[in-house]
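What follows is model_6.txt (compact mmCIF, C-alpha atoms and all ligand atoms).
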# COMPACT_ATOMS: atom_id res chain seq x y z
CA MET Z 1 138.81 78.92 47.37
CA ASN Z 2 136.41 76.16 48.32
CA PHE Z 3 135.50 75.35 51.85
CA VAL Z 4 135.68 71.55 51.56
CA ASN Z 5 137.51 69.55 48.94
CA VAL Z 6 137.71 65.80 49.02
CA LEU Z 7 140.95 64.93 47.28
CA ASN Z 8 141.16 62.01 44.95
CA VAL Z 9 143.91 60.02 46.63
CA GLY Z 10 142.87 56.69 45.16
CA GLN Z 11 141.80 54.13 47.73
CA GLY Z 12 142.04 56.24 50.87
CA ASP Z 13 140.88 59.46 52.48
CA SER Z 14 142.09 63.03 52.45
CA ILE Z 15 139.85 66.03 52.95
CA VAL Z 16 140.96 69.64 52.84
CA MET Z 17 138.81 72.05 54.79
CA ARG Z 18 139.27 75.78 55.18
CA PRO Z 19 137.20 77.03 58.11
CA TYR Z 20 135.66 80.41 57.45
CA GLN Z 21 135.57 83.68 59.33
CA GLY Z 22 134.29 83.51 62.87
CA CYS Z 23 135.77 80.08 63.53
CA CYS Z 24 138.75 79.98 65.88
CA TYR Z 25 140.51 78.03 63.16
CA ALA Z 26 139.69 80.58 60.47
CA ASP Z 27 143.30 81.07 59.42
CA LYS Z 28 144.10 77.35 59.26
CA THR Z 29 143.95 74.80 56.50
CA PHE Z 30 142.74 71.46 57.76
CA PHE Z 31 143.90 68.19 56.34
CA ILE Z 32 141.57 65.50 57.60
CA ASP Z 33 143.55 62.37 56.77
CA LEU Z 34 146.40 62.27 54.32
CA GLY Z 35 145.67 59.47 51.86
CA PRO Z 36 147.83 56.41 51.19
CA GLY Z 37 150.88 58.35 50.02
CA ASN Z 38 150.55 57.93 46.25
CA THR Z 39 149.32 61.46 45.57
CA ASP Z 40 151.04 64.66 46.68
CA ILE Z 41 148.23 66.18 48.71
CA THR Z 42 150.28 69.29 49.55
CA LYS Z 43 150.58 70.48 45.94
CA GLY Z 44 148.04 73.27 46.24
CA ILE Z 45 149.29 74.58 49.59
CA GLY Z 46 150.56 78.15 49.71
CA GLU Z 47 153.75 79.00 51.56
CA ASP Z 48 151.88 81.12 54.07
CA GLU Z 49 149.13 78.62 54.84
CA LYS Z 50 149.03 77.33 58.38
CA ILE Z 51 148.25 73.65 58.52
CA HIS Z 52 146.33 71.58 61.02
CA ILE Z 53 146.51 67.83 60.41
CA TRP Z 54 143.79 65.56 61.76
CA ILE Z 55 144.46 61.84 61.68
CA SER Z 56 141.30 59.77 61.98
CA HIS Z 57 143.20 56.56 62.60
CA HIS Z 58 146.38 54.73 61.82
CA ASP Z 59 145.72 52.90 58.61
CA ARG Z 60 148.11 53.54 55.79
CA ASP Z 61 145.36 54.76 53.45
CA HIS Z 62 144.76 57.63 55.90
CA VAL Z 63 148.29 58.46 57.10
CA GLY Z 64 150.59 57.46 54.24
CA GLY Z 65 150.64 61.01 52.81
CA LEU Z 66 152.42 62.38 55.87
CA SER Z 67 155.70 62.16 53.97
CA PHE Z 68 154.56 64.89 51.55
CA PHE Z 69 154.71 67.43 54.35
CA ALA Z 70 158.47 66.90 54.72
CA GLY Z 71 159.37 70.32 53.30
CA LYS Z 72 156.44 71.99 55.01
CA PHE Z 73 156.85 70.90 58.63
CA ALA Z 74 157.29 74.51 59.70
CA GLN Z 75 153.77 75.29 58.45
CA ILE Z 76 152.14 72.57 60.56
CA GLU Z 77 150.69 74.17 63.67
CA GLU Z 78 148.78 71.29 65.12
CA ILE Z 79 148.35 67.55 64.77
CA THR Z 80 145.27 65.90 66.20
CA VAL Z 81 145.27 62.17 66.75
CA PRO Z 82 142.66 59.82 68.23
CA PHE Z 83 142.83 59.41 72.00
CA PHE Z 84 144.12 55.84 71.71
CA GLN Z 85 146.98 56.66 69.33
CA ASN Z 86 149.67 55.28 71.62
CA GLU Z 87 147.77 52.15 72.49
CA ILE Z 88 146.94 51.26 68.90
CA THR Z 89 150.60 51.68 67.99
CA LEU Z 90 151.65 49.53 70.91
CA ILE Z 91 149.32 46.78 69.70
CA ALA Z 92 150.87 47.00 66.20
CA LYS Z 93 154.27 46.66 67.83
CA ALA Z 94 153.06 43.65 69.82
CA ILE Z 95 151.97 41.87 66.63
CA LEU Z 96 155.40 42.56 65.12
CA ASN Z 97 156.90 40.86 68.17
CA LEU Z 98 154.99 37.60 67.93
CA LYS Z 99 157.35 34.66 68.27
CA GLY Z 100 156.40 33.33 64.85
CA ILE Z 101 157.06 36.57 63.00
CA ASN Z 102 160.63 35.75 61.92
CA SER Z 103 159.67 32.42 60.40
CA SER Z 104 156.50 33.79 58.78
CA LYS Z 105 155.79 33.14 55.11
CA ASP Z 106 154.11 35.50 52.64
CA CYS Z 107 153.21 37.95 55.38
CA GLY Z 108 155.35 40.81 54.05
CA GLU Z 109 152.40 42.99 53.11
CA PHE Z 110 150.92 42.89 56.61
CA ILE Z 111 154.25 43.20 58.37
CA HIS Z 112 155.11 46.19 56.22
CA ALA Z 113 151.79 47.88 57.01
CA LEU Z 114 152.30 47.37 60.74
CA GLU Z 115 155.89 48.61 60.56
CA GLU Z 116 154.63 51.70 58.80
CA ILE Z 117 152.20 52.36 61.64
CA VAL Z 118 155.00 52.13 64.18
CA ASN Z 119 157.27 54.32 62.03
CA ASN Z 120 154.62 56.97 61.46
CA GLN Z 121 154.21 57.23 65.19
CA VAL Z 122 157.94 57.85 65.52
CA VAL Z 123 157.67 60.59 62.89
CA ILE Z 124 154.71 62.23 64.64
CA LYS Z 125 156.44 61.98 67.98
CA SER Z 126 159.61 63.59 66.68
CA LEU Z 127 157.54 66.34 65.07
CA VAL Z 128 155.56 67.29 68.16
CA GLU Z 129 158.43 66.91 70.58
CA GLY Z 130 160.86 69.01 68.60
CA ASN Z 131 161.85 72.61 69.22
CA LYS Z 132 159.66 75.42 70.48
CA SER Z 133 157.99 76.09 67.16
CA CYS Z 134 157.01 72.46 66.67
CA PRO Z 135 153.36 71.59 66.07
CA ARG Z 136 151.06 71.18 69.01
CA LEU Z 137 149.67 67.71 69.59
CA SER Z 138 146.05 67.32 70.55
CA TYR Z 139 143.94 64.29 71.26
CA ALA Z 140 140.48 63.79 69.87
CA TYR Z 141 137.94 62.15 72.15
CA GLU Z 142 134.20 62.23 72.64
CA GLY Z 143 133.02 65.49 74.11
CA HIS Z 144 136.13 67.40 73.07
CA LYS Z 145 134.82 70.58 71.57
CA PHE Z 146 137.62 72.01 69.49
CA CYS Z 147 135.50 75.10 68.90
CA ASN Z 148 131.84 75.91 68.27
CA HIS Z 149 132.24 74.53 64.79
CA ILE Z 150 134.02 71.24 65.50
CA LYS Z 151 133.01 68.57 67.95
CA CYS Z 152 134.51 65.12 68.42
CA LEU Z 153 132.10 62.17 68.79
CA ASN Z 154 134.54 59.24 68.93
CA PRO Z 155 136.56 57.62 70.49
CA PRO Z 156 135.17 57.84 74.01
CA ARG Z 157 137.70 58.70 76.70
CA CYS Z 158 136.96 55.43 78.42
CA VAL Z 159 136.26 52.25 76.53
CA ASN Z 160 134.20 49.46 77.94
CA VAL Z 161 136.76 46.69 78.53
CA PHE Z 162 137.45 44.18 81.24
CA ASN Z 163 139.70 45.52 83.98
CA TRP Z 164 142.57 43.10 83.38
CA ILE Z 165 145.18 44.81 85.48
CA ASP Z 166 143.04 44.89 88.62
CA GLU Z 167 140.95 41.77 88.21
CA THR Z 168 143.55 39.23 87.16
CA ASP Z 169 146.78 38.01 88.62
CA ILE Z 170 149.46 40.03 86.88
CA ARG Z 171 151.77 37.03 87.00
CA ASP Z 172 149.38 35.11 84.76
CA LEU Z 173 149.36 37.96 82.28
CA VAL Z 174 153.15 38.08 82.28
CA GLU Z 175 153.37 34.34 81.77
CA THR Z 176 151.15 34.58 78.70
CA PHE Z 177 153.18 37.47 77.30
CA ASN Z 178 156.27 35.31 77.62
CA GLU Z 179 154.60 32.45 75.80
CA VAL Z 180 153.39 34.57 72.91
CA PHE Z 181 155.90 37.39 72.34
CA SER Z 182 159.64 37.74 71.89
CA LYS Z 183 161.52 37.93 75.17
CA PRO Z 184 162.48 41.62 75.03
CA PHE Z 185 158.96 42.69 74.13
CA ALA Z 186 157.38 40.47 76.78
CA ARG Z 187 159.69 42.13 79.29
CA GLU Z 188 158.63 45.59 78.11
CA MET Z 189 154.98 44.65 78.41
CA GLU Z 190 155.61 43.30 81.88
CA MET Z 191 157.03 46.62 82.99
CA TYR Z 192 154.22 48.44 81.24
CA ILE Z 193 151.46 46.61 83.08
CA TYR Z 194 153.28 46.54 86.43
CA ASN Z 195 153.47 50.27 86.24
CA PHE Z 196 149.73 50.57 85.93
CA SER Z 197 148.98 47.85 88.44
CA ARG Z 198 150.85 49.85 91.05
CA GLY Z 199 148.68 52.76 90.06
CA ASN Z 200 151.60 55.12 90.00
CA ARG Z 201 151.99 55.85 86.36
CA SER Z 202 152.51 59.55 85.90
CA LEU Z 203 153.13 61.88 83.04
CA GLY Z 204 156.58 61.66 81.55
CA THR Z 205 157.83 58.54 83.25
CA ASN Z 206 160.26 56.99 80.87
CA ASP Z 207 160.89 53.79 82.71
CA THR Z 208 159.70 51.43 80.03
CA ALA Z 209 161.18 51.42 76.61
CA ALA Z 210 157.95 50.09 75.07
CA PHE Z 211 155.86 52.88 76.33
CA ASN Z 212 158.33 55.68 76.29
CA GLU Z 213 158.72 55.31 72.58
CA PHE Z 214 155.06 56.13 72.14
CA TRP Z 215 154.61 58.64 74.87
CA LEU Z 216 152.99 61.61 73.23
CA TYR Z 217 151.92 64.58 75.24
CA GLY Z 218 148.47 65.83 74.41
CA GLY Z 219 148.92 68.86 76.61
CA GLU Z 220 146.18 67.41 78.75
CA GLU Z 221 146.10 66.55 82.36
CA GLN Z 222 146.58 62.81 82.82
CA ASP Z 223 143.85 61.08 84.72
CA PRO Z 224 145.20 57.85 86.30
CA GLN Z 225 141.85 56.06 85.89
CA ILE Z 226 141.75 56.88 82.22
CA GLU Z 227 145.38 55.88 81.70
CA ARG Z 228 144.59 52.52 83.33
CA ASN Z 229 141.64 52.11 81.01
CA LYS Z 230 143.98 52.66 78.08
CA CYS Z 231 146.35 50.01 79.39
CA ASN Z 232 143.40 47.63 79.82
CA TYR Z 233 142.44 48.35 76.24
CA VAL Z 234 145.84 47.12 75.03
CA VAL Z 235 145.84 44.09 77.33
CA ASN Z 236 142.28 43.28 76.29
CA PHE Z 237 143.18 43.14 72.60
CA LEU Z 238 146.23 41.01 73.27
CA PHE Z 239 144.41 38.55 75.53
CA LYS Z 240 141.34 38.18 73.41
CA ASN Z 241 143.58 37.17 70.54
CA VAL Z 242 145.90 34.76 72.34
CA PRO Z 243 144.41 31.72 70.53
CA LEU Z 244 145.04 33.42 67.16
CA PHE Z 245 148.55 34.43 68.21
CA ASN Z 246 149.27 30.86 69.31
CA SER Z 247 148.16 29.38 66.02
CA PHE Z 248 150.24 31.94 64.15
CA ASN Z 249 153.27 31.09 66.27
CA VAL Z 250 152.82 27.41 65.38
CA ARG Z 251 151.90 27.97 61.74
CA SER Z 252 153.20 31.37 60.65
CA THR Z 253 151.13 31.52 57.49
CA ARG Z 254 149.65 34.37 55.55
CA THR Z 255 146.13 33.16 56.39
CA ASN Z 256 146.84 33.30 60.10
CA MET Z 257 148.49 36.70 59.84
CA ARG Z 258 145.64 38.06 57.77
CA LYS Z 259 143.20 37.09 60.54
CA ILE Z 260 145.32 38.92 63.11
CA TYR Z 261 145.75 41.94 60.86
CA ASN Z 262 142.01 42.19 60.15
CA ARG Z 263 141.25 42.06 63.88
CA TYR Z 264 143.80 44.81 64.34
CA VAL Z 265 142.28 47.00 61.64
CA ASN Z 266 138.81 46.49 63.08
CA CYS Z 267 140.04 47.54 66.47
CA THR Z 268 141.57 50.74 65.04
CA HIS Z 269 138.19 51.44 63.43
CA ASP Z 270 136.46 51.16 66.81
CA VAL Z 271 138.57 54.00 68.18
CA CYS Z 272 138.62 55.98 64.93
CA MET Z 273 138.18 59.73 65.23
CA VAL Z 274 134.71 60.94 64.27
CA LEU Z 275 134.08 64.65 63.93
CA MET Z 276 130.92 66.65 63.50
CA THR Z 277 131.50 70.03 61.91
CA TYR Z 278 129.07 72.94 61.78
CA PHE Z 279 129.78 75.38 58.97
CA TYR Z 280 127.43 77.39 56.80
CA LYS Z 281 124.58 76.14 59.01
CA GLN Z 282 125.28 72.64 57.66
CA LYS Z 283 126.37 69.68 59.67
CA MET Z 284 129.00 67.40 58.24
CA LEU Z 285 129.85 64.05 59.75
CA LEU Z 286 133.46 63.03 59.15
CA THR Z 287 133.79 59.37 59.95
CA GLY Z 288 137.20 58.13 58.82
CA ASP Z 289 136.78 54.37 58.83
CA ALA Z 290 134.60 54.24 61.95
CA SER Z 291 132.98 50.86 62.59
CA LYS Z 292 129.31 50.04 63.05
CA LYS Z 293 130.07 49.66 66.74
CA VAL Z 294 130.92 53.37 66.87
CA PHE Z 295 127.63 54.49 65.33
CA ASN Z 296 125.58 52.00 67.33
CA ARG Z 297 127.13 53.28 70.54
CA LEU Z 298 126.38 56.89 69.64
CA ILE Z 299 122.81 56.01 68.70
CA SER Z 300 122.21 53.99 71.87
CA GLU Z 301 123.55 56.86 73.96
CA GLY Z 302 121.09 59.20 72.30
CA ILE Z 303 123.75 61.34 70.68
CA ASP Z 304 122.57 63.32 67.69
CA ILE Z 305 124.48 62.08 64.65
CA SER Z 306 122.20 63.62 62.03
CA ALA Z 307 124.06 65.57 59.37
CA SER Z 308 123.37 66.93 55.88
CA TYR Z 309 126.77 65.79 54.66
CA LEU Z 310 128.17 62.38 55.46
CA LYS Z 311 131.67 61.23 54.61
CA MET Z 312 130.85 57.54 54.29
CA PRO Z 313 132.91 55.39 56.65
CA HIS Z 314 135.55 53.03 55.27
CA HIS Z 315 135.21 53.94 51.60
CA GLY Z 316 131.62 52.68 51.37
CA SER Z 317 132.15 49.27 52.95
CA LYS Z 318 128.97 47.58 54.15
CA HIS Z 319 130.74 46.36 57.29
CA ASN Z 320 130.88 49.90 58.66
CA ILE Z 321 127.33 51.11 58.12
CA SER Z 322 123.77 49.81 58.05
CA GLU Z 323 120.46 51.11 56.79
CA ARG Z 324 119.45 51.84 60.37
CA ILE Z 325 122.58 53.91 60.95
CA LEU Z 326 122.04 55.74 57.65
CA LYS Z 327 118.48 56.58 58.69
CA CYS Z 328 119.76 58.04 61.97
CA ILE Z 329 122.29 60.21 60.14
CA ASN Z 330 119.75 61.03 57.44
CA PRO Z 331 122.16 62.85 55.11
CA GLU Z 332 121.34 64.73 51.93
CA VAL Z 333 124.75 64.04 50.47
CA ALA Z 334 127.00 61.02 50.94
CA ILE Z 335 130.67 61.38 50.02
CA ILE Z 336 132.57 58.24 49.13
CA SER Z 337 136.34 58.43 48.89
CA HIS Z 338 137.49 55.24 47.21
CA ASP Z 339 139.16 53.62 44.27
CA ASN Z 340 137.32 50.32 44.06
CA GLY Z 341 139.63 48.75 46.63
CA HIS Z 342 139.31 45.36 48.24
CA PHE Z 343 139.36 44.79 51.96
CA GLY Z 344 140.32 41.46 53.46
CA LYS Z 345 138.33 38.56 52.09
CA SER Z 346 135.17 40.48 51.28
CA LYS Z 347 133.69 39.56 47.91
CA ASP Z 348 132.65 43.05 46.88
CA THR Z 349 134.93 46.03 46.33
CA HIS Z 350 134.60 49.46 47.96
CA PRO Z 351 132.03 50.97 47.75
CA ASN Z 352 129.75 48.05 48.38
CA MET Z 353 126.85 47.53 45.99
CA GLU Z 354 124.33 47.16 48.76
CA VAL Z 355 125.44 50.42 50.36
CA LEU Z 356 125.00 52.23 47.04
CA GLU Z 357 121.53 50.77 46.73
CA TRP Z 358 120.57 51.93 50.24
CA LEU Z 359 121.76 55.43 49.43
CA GLN Z 360 119.89 55.52 46.13
CA ARG Z 361 116.71 54.16 47.69
CA MET Z 362 116.87 56.84 50.35
CA GLY Z 363 117.32 59.55 47.72
CA ILE Z 364 120.74 60.57 49.01
CA LYS Z 365 123.03 62.29 46.54
CA ILE Z 366 126.27 60.35 46.10
CA LEU Z 367 129.57 62.10 45.46
CA LEU Z 368 132.49 59.91 44.48
CA THR Z 369 136.22 60.51 44.16
CA ASN Z 370 136.35 57.85 41.43
CA ASP Z 371 133.89 56.09 39.16
CA VAL Z 372 132.47 52.93 40.65
CA ARG Z 373 133.42 49.84 38.69
CA LYS Z 374 131.93 46.40 39.13
CA ASN Z 375 133.11 43.48 36.99
CA GLY Z 376 135.07 45.83 34.78
CA GLN Z 377 132.06 48.05 34.01
CA ILE Z 378 131.55 51.61 35.20
CA ILE Z 379 128.25 51.59 37.04
CA MET Z 380 128.39 55.02 38.63
CA LYS Z 381 130.17 58.16 37.47
CA LYS Z 382 131.97 60.63 39.69
CA GLN Z 383 130.52 64.16 39.86
CA ASN Z 384 131.49 67.65 40.99
CA HIS Z 385 135.08 67.12 39.95
CA SER Z 386 137.38 70.03 39.34
CA SER Z 387 140.19 69.91 36.80
CA ASP Z 388 142.52 69.13 39.71
CA ASN Z 389 140.55 65.98 40.33
CA PHE Z 390 139.05 66.72 43.68
CA VAL Z 391 135.39 66.76 44.67
CA THR Z 392 134.06 70.09 45.77
CA ILE Z 393 131.54 69.71 48.54
CA LEU Z 394 130.66 73.18 49.74
ZN ZN O 1 141.06 52.06 58.20
ZN ZN O 2 140.54 53.58 55.06

In structure tokens, how does this file's structure come out?
Amino acid sequence: MNFVNVLNVGQGDSIVMRPYQGCCYADKTFFIDLGPGNTDITKGIGEDEKIHIWISHHDRDHVGGLSFFAGKFAQIEEITVPFFQNEITLIAKAILNLKGINSSKDCGEFIHALEEIVNNQVVIKSLVEGNKSCPRLSYAYEGHKFCNHIKCLNPPRCVNVFNWIDETDIRDLVETFNEVFSKPFAREMEMYIYNFSRGNRSLGTNDTAAFNEFWLYGGEEQDPQIERNKCNYVVNFLFKNVPLFNSFNVRSTRTNMRKIYNRYVNCTHDVCMVLMTYFYKQKMLLTGDASKKVFNRLISEGIDISASYLKMPHHGSKHNISERILKCINPEVAIISHDNGHFGKSKDTHPNMEVLEWLQRMGIKILLTNDVRKNGQIIMKKQNHSSDNFVTIL
């Protein structure tokens, strides 16, 4: 059995890792992301395998495959989500409650993706809050050392955002919520921020429907300062995008929704889970769809991100990596999980041509889950593929 297999899930990510002897997770099978849900990623799983699911972030191409575990829930021992799981879901819910949403045109694709995010959260919540044998939920944040072999580098426990709930008049915030969102949701948000502004939010309070729905226990002690920071993170996204929300509410077009959706996706990439693993004396950097901001922060804070193996962020998009970042990571092997997908309005498909050129110029070996096609031509062939169509890494 191989230690790391990158599954070919099309345009998306799913990595299976089987930690070896000596690791505290030695008897577990890791699934790091679950793909978009088109490929049954659980096919090769034995009945006695214990599963630990790691979700780098919310996007459908990373979580969609959750449904394939339906018959195997009993085998899941742990689910690890990024520290801002609840907040990101709450933001998705906020977008779905924009006043213009019901009269929107041609926005089905985006609305569906956001609904899926909210629904997946409900599934995860019901899984981890079930009976005694239900999977444990854990949060991934910077500094969290899962064991000597696995360390989390992102998201940080505290993000750098304006302190809205302490520095602004809450009544102004509430007024804006009422202008932008449906009445019931604005009311939920009002209760949500009032709770934090009084500084008395405590674990397990179920006084607001909006938040209760997403209240996941990470088995961690709740730090009021950090919980306030999380609330500020939500408020910050909503307030920074009020002009966009307003134009969508006036003209509920696909173009306006796409702008909002892209901002949303970018913000999930800023708090995407990034893991560094240390196995076989090799470092592997697992990046999900982490944004440039994530790497630049780590570099500026002097954190060592060098690794021999790099799972390229966001399927080889050039918006998530730069030459400078690549030089800091300095990998021998770059793994690109993709199927020539398009993101937003970008001209080039994943993986980006420029990114491939950087990698080649730096002499980095490129492993692909699918051939790279540009203008209908195959320009780069996949390698290291098994008959089951996954890439063997180690
Ligand atoms: Zn993503
Ligand atoms: Zn992705």

Using only C-alpha atoms and all ligand atoms, find each residue of chain Z with at least one atom at most 7 Å away from an atom of ligand ZN 2 (chain O); report its shortest atom-to-atom pair and that distance in Å (one decimal), sort the rows by chain and rising residue number, and return the result as a tab-separated table.
residue	atom	partner	partner_atom	distance
Z:Gly12	CA	O:ZN2	ZN	5.2
Z:Asp13	CA	O:ZN2	ZN	6.4
Z:Asp59	CA	O:ZN2	ZN	6.3
Z:Asp61	CA	O:ZN2	ZN	5.2
Z:His62	CA	O:ZN2	ZN	5.9
Z:Gly288	CA	O:ZN2	ZN	6.8
Z:Asp289	CA	O:ZN2	ZN	5.4
Z:His314	CA	O:ZN2	ZN	5.0
Z:His315	CA	O:ZN2	ZN	6.4

Could you please take those selected residues and save C-alpha atoms as a compact mmCIF listing (two decimals), keeping the file's coordinate frame?
# COMPACT_ATOMS: atom_id res chain seq x y z
CA GLY Z 12 142.04 56.24 50.87
CA ASP Z 13 140.88 59.46 52.48
CA ASP Z 59 145.72 52.90 58.61
CA ASP Z 61 145.36 54.76 53.45
CA HIS Z 62 144.76 57.63 55.90
CA GLY Z 288 137.20 58.13 58.82
CA ASP Z 289 136.78 54.37 58.83
CA HIS Z 314 135.55 53.03 55.27
CA HIS Z 315 135.21 53.94 51.60

*asked:* Residues within 10 Å of (152.8, 59.8, 47.2), file coordinates, counting all atoms listed in the file: what are they? Give the list as a PyMOL selection string.
replied: chain Z and resi 9+34-41+64-68

*asked:* I want to know what sits within 8 Å of segment 253-270 of chain Z, based on all atoms listed in the file, with residues of the same chain fewer than 5 positions away left out; could you give that as a ChimeraX atom specification?
replied: /Z:57-59,88,91-92,104-107,110,155,241,244-245,247-248,289-291,293-294,344

*For Val372 of chain Z, work out the shell of residues within 12 Å, counting only C-alpha atoms and skipping chain neighbours fewer than 4 positions away, then give it as number ranges by chain.*
Z: 10-11, 315-316, 336-341, 348-353, 356, 366-368, 376-383

_One-decimal distance in Å that lies between atom CA of Phe177 of chain Z and atom CA of Phe196 of chain Z_ =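 These two atoms are separated by 16.1 Å.
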
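Within 12 Å of the point (117.0, 70.6, 60.6), and counting only C-alpha atoms, the protein, DNA and RNA residues are Lys281, Gln282, Lys283, Asp304, Ser306, Ala307, Ser308, Ile329, Asn330, Pro331 and Glu332 of chain Z.
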
*Please, what distance in Å, to one decimal, runs between atom CA of Asn178 of chain Z and atom CA of Gly108 of chain Z?*
24.2 Å

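Interatomic distance, atom CA of Pro135 of chain Z to atom CA of Glu47 of chain Z: 16.3 Å.
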
*asked:* When you look at Asp172 of chain Z with a cut-off of 12 Å (counting all atoms listed in the file), what residues show up, excluding the ones that are within fewer than 6 positions of it in the same chain? I need them as a list in words.
replied: Trp164, Ile165, Asn178, Glu179, Glu190, Ile193 and Phe239 of chain Z

*Could you check which of Z:Ala140, Z:Val4, Z:Cys147, Z:Leu90 is closest to Val122 of chain Z, using all atoms listed in the file?*
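Between Z:Ala140, Z:Val4, Z:Cys147, Z:Leu90, the residue approaching Val122 of chain Z most closely is Z:Leu90.
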
*Select, from Z:Lys347, Z:His385, Z:Arg187, Z:Arg60, the residue with the minimum atom-to-atom distance to ligand ZN 1 (chain O), counting only C-alpha atoms and all ligand atoms.*
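Closest candidate: Z:Arg60.
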
*Taking only C-alpha atoms and all ligand atoms into account, which of Z:His319, Z:Lys240, Z:His149, Z:His52 comes nearest ligand ZN 1 (chain O)?*
Z:His319

_Selection: 8 Å around segment 77-86 of chain Z, all atoms listed in the file, excl. self and same-chain fewer than 6 positions, as number ranges by chain_ = Z: 50-58, 128, 134-141, 155, 157, 214-216, 230, 271-273
